[in-house]
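**Q** For reference, the file protein-v7.cif (mmCIF, C-alpha atoms) is included below:
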```cif
data_model
loop_
_atom_site.label_atom_id
_atom_site.label_comp_id
_atom_site.auth_asym_id
_atom_site.auth_seq_id
_atom_site.Cartn_x
_atom_site.Cartn_y
_atom_site.Cartn_z
CA MET A 46 94.71 81.83 136.41
CA MET A 47 94.58 82.31 140.18
CA GLN A 48 92.86 85.01 142.20
CA THR A 49 93.69 86.07 145.75
CA ALA A 50 91.41 87.48 148.41
CA THR A 51 92.93 88.94 151.58
CA PHE A 52 91.02 89.67 154.79
CA THR A 53 91.53 90.65 158.37
CA LEU A 54 89.89 87.87 160.42
CA THR A 55 88.83 89.14 163.85
CA PHE A 56 87.10 87.05 166.52
CA THR A 57 84.07 88.58 168.23
CA THR A 58 83.85 85.81 170.88
CA PRO A 59 86.54 83.54 172.35
CA ALA A 60 87.43 80.60 170.12
CA PHE A 61 88.30 77.08 171.25
CA LEU A 62 90.77 76.19 168.51
CA GLY A 63 93.37 73.66 169.63
CA ASP A 64 96.55 72.04 168.35
CA ALA A 65 97.73 68.46 168.94
CA ASN A 66 98.72 69.38 172.52
CA GLN A 67 95.30 70.88 173.29
CA ASN A 68 96.76 74.38 173.36
CA ALA A 69 94.74 77.10 171.66
CA ARG A 70 96.40 78.12 168.40
CA TRP A 71 95.55 79.87 165.15
CA ARG A 72 95.45 77.21 162.42
CA THR A 73 94.37 77.00 158.77
CA PRO A 74 92.70 73.52 158.68
CA PRO A 75 89.54 74.66 160.56
CA ILE A 76 89.25 77.62 158.18
CA LYS A 77 89.47 75.31 155.17
CA HIS A 78 86.82 73.03 156.69
CA GLU A 79 84.56 76.05 157.19
CA LEU A 80 85.13 77.20 153.62
CA ARG A 81 84.22 73.76 152.26
CA HIS A 82 81.02 73.68 154.34
CA TRP A 83 79.77 77.03 153.03
CA TRP A 84 80.94 76.17 149.50
CA ARG A 85 78.50 73.23 149.57
CA VAL A 86 75.71 75.57 150.68
CA ALA A 87 76.59 78.03 147.90
CA TYR A 88 76.72 75.13 145.41
CA ALA A 89 73.27 73.89 146.47
CA ALA A 90 71.73 77.36 146.11
CA ASP A 91 73.44 77.88 142.74
CA HIS A 92 71.81 74.65 141.51
CA GLY A 93 68.36 75.62 142.76
CA PHE A 94 68.71 72.95 145.51
CA ARG A 95 68.41 70.23 142.88
CA VAL A 96 71.74 68.65 143.75
CA ASN A 97 73.27 65.42 142.58
CA VAL A 98 75.47 64.72 145.60
CA SER A 99 77.93 62.55 143.64
CA GLU A 100 78.50 65.35 141.14
CA MET A 101 78.87 67.90 143.93
CA ARG A 102 81.40 65.70 145.75
CA ARG A 103 83.39 65.32 142.54
CA GLU A 104 83.58 69.08 142.00
CA GLU A 105 84.47 69.55 145.66
CA GLY A 106 87.24 66.96 145.43
CA LEU A 107 88.74 68.49 142.31
CA LEU A 108 88.76 71.92 143.97
CA PHE A 109 89.69 71.18 147.59
CA GLY A 110 91.71 67.99 147.09
CA HIS A 111 90.77 64.33 147.49
CA ALA A 112 92.00 60.78 147.94
CA TRP A 113 88.90 58.94 146.79
CA LEU A 114 87.76 59.91 143.27
CA GLU A 115 88.15 56.99 140.87
CA ASN A 116 87.67 58.90 137.63
CA ASP A 117 90.09 61.78 138.19
CA ALA A 118 92.91 62.32 135.69
CA PHE A 119 95.51 64.88 134.70
CA VAL A 120 97.24 65.67 131.42
CA GLN A 121 101.03 65.60 131.27
CA ASP A 122 103.14 65.69 128.11
CA GLY A 123 99.98 65.36 126.07
CA ARG A 124 98.91 62.15 127.81
CA LYS A 125 95.93 61.67 130.10
CA THR A 126 96.86 59.80 133.28
CA LYS A 127 94.51 58.59 136.04
CA THR A 128 95.25 59.70 139.58
CA ALA A 129 93.94 58.45 142.92
CA ALA A 130 94.57 61.72 144.73
CA ARG A 131 94.81 65.43 144.07
CA GLN A 132 96.12 68.38 146.03
CA SER A 133 93.83 71.26 146.86
CA GLN A 134 93.67 74.06 144.32
CA VAL A 135 92.68 76.40 147.16
CA ARG A 136 95.61 77.86 149.10
CA ILE A 137 94.99 79.31 152.57
CA ARG A 138 97.56 81.29 154.54
CA LEU A 139 97.54 83.03 157.93
CA ASP A 140 100.21 85.59 158.70
CA HIS A 141 100.80 83.87 162.06
CA TRP A 142 100.00 80.63 163.91
CA ASN A 143 100.27 82.15 167.37
CA GLU A 144 98.93 80.56 170.54
CA GLY A 145 95.69 81.93 171.95
CA MET A 146 96.13 84.73 174.47
CA LEU A 147 93.13 84.08 176.73
CA ARG A 148 94.60 82.09 179.63
CA GLN A 149 92.16 82.79 182.46
CA TRP A 150 88.38 82.67 182.05
CA PRO A 151 86.57 85.84 183.14
CA GLN A 152 84.05 85.76 185.95
CA ASP A 153 80.89 84.04 184.75
CA THR A 154 77.29 85.20 185.06
CA THR A 155 74.62 82.65 185.93
CA VAL A 156 71.33 81.44 184.47
CA THR A 157 68.49 79.36 185.90
CA HIS A 158 67.89 75.84 184.60
CA PRO A 159 64.49 74.26 185.40
CA SER A 160 65.69 70.63 185.51
CA PRO A 161 65.27 69.03 188.98
CA SER A 162 68.81 67.65 188.69
CA VAL A 163 70.22 71.20 188.44
CA ARG A 164 69.98 72.45 192.01
CA MET A 165 71.67 75.83 191.66
CA PRO A 166 72.20 78.51 189.01
CA ILE A 167 74.81 77.55 186.42
CA GLY A 168 77.37 79.62 184.55
CA SER A 169 75.95 80.93 181.28
CA THR A 170 79.21 80.50 179.39
CA LEU A 171 79.69 77.08 181.00
CA TYR A 172 76.29 75.98 179.67
CA LEU A 173 77.13 77.01 176.11
CA GLY A 174 80.77 75.93 176.31
CA TYR A 175 80.71 72.71 178.32
CA GLY A 176 83.67 70.61 177.23
CA PRO A 177 86.22 73.35 176.55
CA LEU A 178 84.97 74.94 179.78
CA THR A 179 84.71 73.19 183.15
CA PHE A 180 83.42 73.95 186.64
CA ASN A 181 86.11 74.34 189.27
CA ARG A 182 84.51 73.04 192.46
CA ASN A 183 87.25 74.49 194.66
CA SER A 184 86.69 78.04 193.46
CA SER A 185 83.06 77.57 192.30
CA LYS A 186 84.02 79.25 189.03
CA THR A 187 84.04 78.44 185.34
CA ALA A 188 87.53 77.58 184.08
CA LEU A 189 89.27 76.70 180.82
CA LYS A 190 89.85 72.97 180.40
CA ALA A 191 92.85 73.42 178.10
CA ASN A 192 95.78 75.79 178.42
CA ALA A 193 94.26 78.76 176.65
CA ALA A 194 91.66 80.04 174.20
CA ILE A 195 91.82 82.63 171.44
CA GLN A 196 90.26 85.73 172.94
CA GLU A 197 87.84 88.16 171.37
CA GLN A 198 89.40 90.88 169.20
CA GLU A 199 92.45 88.75 168.40
CA GLN A 200 93.04 89.00 164.67
CA ALA A 201 95.18 87.72 161.83
CA THR A 202 95.58 88.37 158.12
CA LEU A 203 93.96 85.62 156.07
CA ALA A 204 94.87 85.16 152.38
CA ILE A 205 93.05 82.73 150.11
CA ALA A 206 94.15 81.91 146.55
CA TYR A 207 91.83 80.02 144.19
CA PRO A 208 91.35 79.35 140.48
CA GLU A 209 89.60 82.16 138.64
CA ALA A 210 87.10 79.69 137.16
CA THR A 211 85.86 78.78 140.66
CA ALA A 212 85.62 82.36 141.94
CA SER A 213 81.83 82.73 141.92
CA LEU A 214 81.02 79.95 144.39
CA LEU A 215 84.13 80.43 146.53
CA GLU A 216 83.50 84.13 146.96
CA GLN A 217 79.87 83.44 147.85
CA ALA A 218 81.11 80.93 150.44
CA LEU A 219 83.41 83.58 151.92
CA TRP A 220 80.50 86.01 152.14
CA LEU A 221 78.40 83.39 153.94
CA MET A 222 81.30 82.67 156.30
CA ASP A 223 81.39 86.31 157.32
CA ARG A 224 77.62 86.44 157.87
CA PHE A 225 77.10 83.08 159.58
CA GLY A 226 80.42 81.30 160.15
CA THR A 227 82.03 80.24 163.42
CA LEU A 228 85.23 78.30 164.15
CA GLY A 229 86.38 75.76 166.72
CA GLY A 230 84.78 73.84 169.58
CA ARG A 231 81.14 74.59 170.48
CA ALA A 232 80.96 76.80 167.40
CA ARG A 233 77.23 76.17 166.88
CA ASN A 234 76.68 77.89 170.24
CA GLY A 235 78.36 81.07 169.00
CA TRP A 236 81.91 80.48 170.20
CA GLY A 237 84.54 81.34 167.62
CA SER A 238 82.35 83.93 165.91
CA TYR A 239 84.37 86.16 163.62
CA HIS A 240 84.11 88.71 160.86
CA LEU A 241 86.10 89.08 157.64
CA ILE A 242 87.11 92.57 156.56
CA PRO A 243 88.65 92.87 153.06
CA ALA A 244 92.22 94.12 153.30
CA HIS A 245 91.68 96.33 150.24
CA PRO A 246 88.62 98.62 150.03
CA GLY A 247 86.37 97.75 147.13
CA LYS A 248 87.42 94.08 147.17
CA GLU A 249 84.28 92.77 148.86
CA VAL A 250 83.27 89.29 147.75
CA GLY A 251 80.10 87.29 147.19
CA ASP A 252 76.61 88.42 148.22
CA LYS A 253 74.52 86.66 145.61
CA GLY A 254 71.74 86.48 148.17
CA LEU A 255 70.94 84.16 151.04
CA PRO A 256 70.53 80.42 150.41
CA LEU A 257 66.86 80.30 151.43
CA ARG A 258 64.46 77.38 151.07
CA PRO A 259 61.09 76.48 152.68
CA TRP A 260 62.09 74.69 155.85
CA ARG A 261 59.90 71.61 155.40
CA HIS A 262 61.33 71.09 151.90
CA CYS A 263 64.81 70.93 153.44
CA PHE A 264 63.99 67.56 155.02
CA ASP A 265 64.34 65.89 151.63
CA ARG A 266 68.07 65.47 152.34
CA ASP A 267 70.28 64.76 155.34
CA TRP A 268 72.93 67.50 155.13
CA PRO A 269 72.79 71.25 155.83
CA HIS A 270 72.33 73.04 152.52
CA ALA A 271 70.07 76.06 153.15
CA ILE A 272 68.63 78.44 155.71
CA GLY A 273 64.96 77.68 156.21
CA THR A 274 62.02 79.98 155.58
CA ASP A 275 58.38 79.96 156.69
CA GLU A 276 55.36 82.13 155.94
CA LYS A 277 56.99 84.99 157.93
CA GLY A 278 60.28 84.91 156.04
CA ALA A 279 63.77 83.61 156.76
CA LEU A 280 64.24 81.64 159.96
CA ILE A 281 66.78 84.14 161.25
CA TRP A 282 66.41 86.00 164.53
CA LYS A 283 68.63 88.56 166.23
CA THR A 284 68.99 89.71 169.82
CA ALA A 285 69.11 93.24 171.10
CA GLU A 286 72.51 94.95 171.07
CA HIS A 287 74.90 94.10 173.92
CA GLU A 288 77.96 95.91 175.20
CA ASP A 289 80.16 92.79 175.41
CA TRP A 290 80.23 89.09 174.55
CA LYS A 291 79.75 87.95 178.16
CA SER A 292 76.30 89.55 178.52
CA LEU A 293 75.34 88.43 175.00
CA MET A 294 76.34 84.81 175.66
CA ARG A 295 74.14 84.90 178.77
CA THR A 296 71.21 85.92 176.56
CA LEU A 297 71.95 83.09 174.13
CA ALA A 298 72.20 80.63 177.03
CA ILE A 299 68.74 81.69 178.24
CA VAL A 300 67.36 81.16 174.74
CA LYS A 301 68.90 77.71 174.40
CA ILE A 302 67.81 76.53 177.86
CA GLY A 303 64.27 77.65 177.15
CA LEU A 304 63.90 76.12 173.71
CA ARG A 305 65.33 72.79 174.93
CA THR A 306 63.54 72.45 178.26
CA GLN A 307 60.14 73.31 176.78
CA PHE A 308 60.18 69.63 175.74
CA ARG A 309 59.47 67.33 178.69
CA TYR A 310 61.05 63.90 179.06
CA THR A 311 58.78 61.03 180.11
CA THR A 312 61.60 58.48 180.39
CA GLY A 313 65.16 58.42 181.71
CA ARG A 314 67.96 56.23 180.45
CA GLY A 315 67.48 53.68 177.71
CA ALA A 316 64.34 55.12 176.11
CA GLN A 317 62.79 52.64 173.67
CA GLN A 318 61.76 55.44 171.30
CA PRO A 319 63.13 58.97 170.84
CA GLU A 320 61.18 61.78 172.46
CA ASP A 321 60.73 65.33 171.16
CA ARG A 322 63.86 66.76 172.73
CA HIS A 323 66.07 64.01 171.29
CA TRP A 324 65.39 65.37 167.80
CA LEU A 325 66.97 68.72 168.68
CA SER A 326 70.43 67.23 169.28
CA TYR A 327 71.92 64.01 170.60
CA PRO A 328 73.40 62.65 172.87
CA VAL A 329 71.64 64.08 175.91
CA THR A 330 73.00 63.58 179.43
CA ASN A 331 71.00 60.97 181.39
CA HIS A 332 68.49 60.58 178.54
CA ASP A 333 69.86 58.15 175.97
CA VAL A 334 67.88 56.24 173.35
CA LYS A 335 68.37 52.49 173.37
CA ASN A 336 69.01 51.90 169.67
CA TRP A 337 71.02 55.06 168.99
CA ASN A 338 74.15 53.82 170.80
CA ALA A 339 77.09 56.10 169.91
CA LEU A 340 75.22 58.17 167.30
CA ARG A 341 75.63 61.93 167.31
CA LEU A 342 73.11 64.48 166.04
CA PRO A 343 74.35 68.11 165.96
CA ASN A 344 71.83 70.86 166.59
CA GLN A 345 70.44 72.39 163.39
CA LEU A 346 69.89 75.72 165.16
CA ARG A 347 73.06 77.82 165.16
CA PHE A 348 74.24 80.95 166.94
CA LYS A 349 76.52 83.65 165.55
CA VAL A 350 77.79 86.84 167.21
CA ARG A 351 78.22 89.89 164.98
CA GLN A 352 79.74 93.27 165.65
CA THR A 353 77.74 96.36 164.74
CA ALA A 354 79.15 99.48 163.09
CA ASP A 355 79.41 101.20 166.49
CA GLY A 356 81.24 98.29 168.13
CA LYS A 357 78.34 96.66 169.95
CA LEU A 358 77.40 92.99 169.58
CA VAL A 359 74.24 91.20 168.48
CA GLY A 360 73.46 87.51 168.52
CA VAL A 361 72.08 85.89 165.37
CA ILE A 362 70.08 82.66 165.57
CA PHE A 363 69.33 80.75 162.38
CA HIS A 364 67.94 77.36 161.41
CA MET A 365 69.52 75.14 158.73
CA PRO A 366 66.98 72.29 158.53
CA HIS A 367 67.79 68.82 157.26
CA LEU A 368 66.71 65.28 158.03
CA PRO A 369 68.83 63.28 160.50
CA PRO A 370 70.90 60.49 158.89
CA PRO A 371 69.21 57.13 158.16
CA ALA A 372 70.84 55.50 161.21
CA PHE A 373 68.43 57.50 163.40
CA LYS A 374 65.40 56.12 161.53
CA PRO A 375 64.00 59.66 161.46
CA ASP A 376 60.29 60.25 161.96
CA ARG A 377 59.76 63.24 159.67
CA GLU A 378 56.33 64.13 161.05
CA ALA A 379 57.60 64.14 164.65
CA ILE A 380 60.68 66.17 163.67
CA GLU A 381 58.61 68.80 161.88
CA LYS A 382 56.36 69.21 164.96
CA VAL A 383 59.42 69.73 167.17
CA TRP A 384 60.93 72.40 164.96
CA ARG A 385 57.59 74.15 164.55
CA CYS A 386 57.58 74.51 168.35
CA VAL A 387 61.12 75.89 168.30
CA HIS A 388 60.19 78.50 165.69
CA GLN A 389 57.14 79.48 167.72
CA PHE A 390 59.26 79.74 170.87
CA LEU A 391 61.74 82.10 169.18
CA ASP A 392 58.94 84.22 167.69
CA GLU A 393 57.32 84.47 171.12
CA LEU A 394 60.52 86.06 172.49
CA SER A 395 59.91 89.04 170.22
CA LYS A 396 57.47 90.30 172.85
CA ALA A 397 56.98 89.94 176.59
CA PRO A 398 56.58 86.15 176.60
CA ASN A 399 53.60 84.50 178.25
CA VAL A 400 53.73 80.76 178.91
CA ARG A 401 50.16 80.43 177.60
CA ASP A 402 51.34 81.49 174.15
CA PHE A 403 54.10 78.95 173.67
CA CYS A 404 53.67 75.76 171.67
CA PRO A 405 50.82 73.53 172.96
CA ARG A 406 53.38 70.71 173.31
CA ALA A 407 55.58 72.83 175.61
CA ASP A 408 56.24 72.02 179.27
CA ARG A 409 54.67 75.09 180.84
CA THR A 410 55.93 74.22 184.31
CA ALA A 411 59.54 74.34 183.06
CA LEU A 412 58.91 77.59 181.20
CA GLN A 413 57.24 79.16 184.22
CA LYS A 414 60.40 78.54 186.27
CA GLN A 415 62.30 80.54 183.65
CA ALA A 416 59.68 83.24 183.15
CA GLN A 417 61.67 86.06 184.70
CA GLN A 418 64.85 85.47 182.72
CA LEU A 419 62.94 84.80 179.50
CA LYS A 420 61.35 88.25 179.85
CA SER A 421 64.86 89.75 179.70
CA VAL A 422 65.29 88.46 176.14
CA ARG A 423 64.06 90.28 173.05
CA LEU A 424 64.40 88.70 169.63
CA GLN A 425 63.23 89.86 166.24
CA ARG A 426 63.12 88.36 162.77
CA ILE A 427 65.62 89.94 160.45
CA VAL A 428 65.69 90.32 156.68
CA GLU A 429 69.17 90.29 155.15
#
```
Using structure tokens, write down the structure from this file.
**A**
Amino acid sequence: MMQTATFTLTFTTPAFLGDANQNARWRTPPIKHELRHWWRVAYAADHGFRVNVSEMRREEGLLFGHAWLENDAFVQDGRKTKTAARQSQVRIRLDHWNEGMLRQWPQDTTVTHPSPSVRMPIGSTLYLGYGPLTFNRNSSKTALKANAAIQEQEQATLAIAYPEATASLLEQALWLMDRFGTLGGRARNGWGSYHLIPAHPGKEVGDKGLPLRPWRHCFDRDWPHAIGTDEKGALIWKTAEHEDWKSLMRTLAIVKIGLRTQFRYTTGRGAQQPEDRHWLSYPVTNHDVKNWNALRLPNQLRFKVRQTADGKLVGVIFHMPHLPPPAFKPDREAIEKVWRCVHQFLDELSKAPNVRDFCPRADRTALQKQAQQLKSVRLQRIVE
């Protein structure tokens, strides 16, 4: 038996979703990838975070399709036959695959960056969207690198069909997608934020509670599986309300610049050992680590933009802690100290910040250079 859930998917910030020609286009594969990610999180919470990864991967493969399981089989004409591959049992459909309609980037606001190598204010959206966005030296403006982006308030009808037996976890994954999900390039910085509105009233899905776990416990595995908690509650913060995504993305840029540059580098290229800031995300321009070569470490701190009931926007910042992969030779003690500083930094922005009150490991000179713009930010812990 199959069930179907239908939603209106509406973007609250521009989305950098591209096709093979680098043109922005609505597509289903990124949505399926997002659904699989949050299904794993829902699976981990459903198992009390005591997860056998091999068993989870098997269930995931049977549900979403695979080409790797060695012990999969199907029954046909009363006979059990082994198979090396299986199609997905989850069907995803968009009512259109239109190109994105945002073809010219709006005028950018600027933020201050304390690094000596940054000699002038930089575009706030450029900072959070570098890659899909570029700096046009001729016009001194931020521009789209590709032909277009999907603009905010663009929407499509999304239909998802799935086996009735799998409904509990899939519907929880859809609920988590609505609360925390983003799509496309630079999605962890808040681009491609969206919300899912059920097409039929009374057909809301999921909401079995947040997948919360003490943040230090989350370092017992190397994949994102929970939102961290500390003695104050969930590691989720929100900004004040903003009238539009451009002003909100400027606020998020200020937050990200501050939490990164509070960690001072003592070396340049070819560092023999990773420094504090390397554990936030990697690679870092002009500050590589000798033995990390082409490794990539995505930031565990994620941004999401939500729309309020009255049409305004708030930024949501949340931490999904996990240990970096073994190739990084992670120093758990050092990593925990770094993230403790990040949590303290975000909590400090709940009031008029004073550089004296930030983490003792923080670079107070860098924070002092940002003092004025940091005072424009107000965050608060939220309980969901």
**Q** Running the PyMOL selection byres ((chain A and resi 324-338) around 10) on this model by hand, what would come out? Give it as a ChimeraX atom specification.
**A** /A:304-305,308,310-323,339-346,368-369,372-376,379-381,383-384,387
**Q** Identify, on the basis of all atoms listed in the file, every residue whose closest approach to Asp275 of chain A does not exceed 12 Å; exclude the query and any residue fewer than 5 positions from it along the same chain; express the result as a PyMOL selection string.
**A** chain A and resi 257-263+280-281+364+366+384-385+388-389+392+426
**Q** Step by step, work through what the PyMOL selection byres ((chain A and resi 202) around 10) selects in the shown file, and finish by giving those residues as a PyMOL selection string.
**A** chain A and resi 51-55+138-141+200-201+203-204+241-244
**Q** Store the residues picked out above in a file with C-alpha atoms, as an mmCIF file, in the frame of the given file.
**A**
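The resulting file, result33.cif, is shown below:
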```cif
data_model
loop_
_atom_site.group_PDB
_atom_site.id
_atom_site.type_symbol
_atom_site.label_atom_id
_atom_site.label_comp_id
_atom_site.auth_asym_id
_atom_site.auth_seq_id
_atom_site.Cartn_x
_atom_site.Cartn_y
_atom_site.Cartn_z
ATOM 1 C CA THR A 51 92.930 88.940 151.580
ATOM 2 C CA PHE A 52 91.020 89.670 154.790
ATOM 3 C CA THR A 53 91.530 90.650 158.370
ATOM 4 C CA LEU A 54 89.890 87.870 160.420
ATOM 5 C CA THR A 55 88.830 89.140 163.850
ATOM 6 C CA ARG A 138 97.560 81.290 154.540
ATOM 7 C CA LEU A 139 97.540 83.030 157.930
ATOM 8 C CA ASP A 140 100.210 85.590 158.700
ATOM 9 C CA HIS A 141 100.800 83.870 162.060
ATOM 10 C CA GLN A 200 93.040 89.000 164.670
ATOM 11 C CA ALA A 201 95.180 87.720 161.830
ATOM 12 C CA LEU A 203 93.960 85.620 156.070
ATOM 13 C CA ALA A 204 94.870 85.160 152.380
ATOM 14 C CA LEU A 241 86.100 89.080 157.640
ATOM 15 C CA ILE A 242 87.110 92.570 156.560
ATOM 16 C CA PRO A 243 88.650 92.870 153.060
ATOM 17 C CA ALA A 244 92.220 94.120 153.300
#
```
**Q** When you draw a straight line from atom CA of Glu197 of chain A to atom CA of Lys349 of chain A, how long is it in Å?
**A**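 Pair atom CA of Glu197 of chain A / atom CA of Lys349 of chain A returns 13.5 Å.
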**Q** Step by step, work through what the PyMOL selection byres ((chain A and resi 159) around 10) selects in the shown file, and finish by giving those residues as a PyMOL selection string.
**A** chain A and resi 156-158+160-166+302-303+306-307+410-415
**Q** With a distance cut-off of 12 Å and all atoms listed in the file, select the neighbouring residues of Val300 of chain A, excluding the residue or stretch itself and same-chain residues fewer than 6 positions from it, and output the selection as a PyMOL selection string.
**A** chain A and resi 156-158+169+172-173+234+282-284+293-294+306-307+346-348+360-362+387-388+390-395+412+415-416+418-424
**Q** Please measure the separation of atom CA of Gln48 of chain A and atom CA of Val135 of chain A, giving the value in Å to one decimal.
**A** 9.9 Å
**Q** May I ask which of the residues A:Glu288, A:Asp402, A:Asp265, A:Glu276 is the closest one to Pro370 of chain A, counting only C-alpha atoms?
**A**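 Of A:Glu288, A:Asp402, A:Asp265, A:Glu276, the one nearest Pro370 of chain A is A:Asp265, counting only C-alpha atoms.
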**Q** Using all atoms listed in the file, which residues sit within 9 Å of Val86 of chain A once same-chain residues fewer than 2 positions away are excluded, as a PyMOL selection string?
**A** chain A and resi 81-84+88-91+218+221+256+269-271
**Q** Show me, as a list in words, the residues that have an atom within 8 Å of Leu147 of chain A when counting all atoms listed in the file, minus same-chain residues fewer than 4 positions from it.
**A**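 Once the adjacent positions are removed, what remains is Pro59, Ala193, Ala194, Ile195 and Gln196 of chain A.
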**Q** Please, what distance in Å, to one decimal, runs between atom CA of Gln352 of chain A and atom CA of Thr155 of chain A?
**A**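 About the pair atom CA of Gln352 of chain A and atom CA of Thr155 of chain A: they are 23.5 Å apart.
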**Q** Mind giving me the axis-aligned box for segment 76-92 of chain A with 8 Å on every side, centre plus edges in Å to one decimal, as JSON?
**A**
```
{"center_x": 80.6, "center_y": 75.5, "center_z": 149.8, "size_x": 33.7, "size_y": 21.0, "size_z": 32.7}
```
**Q** When you count only C-alpha atoms, which of these residues is closest to Trp220 of chain A: A:Lys190, A:Asp252, A:Gln417, A:Ser99?
**A**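 When distances to Trp220 of chain A are compared using only C-alpha atoms, the smallest one comes from A:Asp252.
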**Q** Between A:Ala87, A:Ile272, A:Leu108, A:Cys404, single out the one closest to Ala210 of chain A, counting all atoms listed in the file.
**A**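 That would be A:Leu108, the residue with the smallest distance to Ala210 of chain A.
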**Q** Counting all atoms listed in the file, select every polymer residue within 6 Å of (84.5, 88.9, 169.5) as defined in the file's coordinates, and provide the selection as number ranges by chain.
**A** A: 56-58, 197-198
**Q** Ranking A:Gly356, A:Gly176, A:Gly145, A:Gly106 by minimum distance to Ala60 of chain A and counting all atoms listed in the file, which one comes first?
**A** A:Gly145
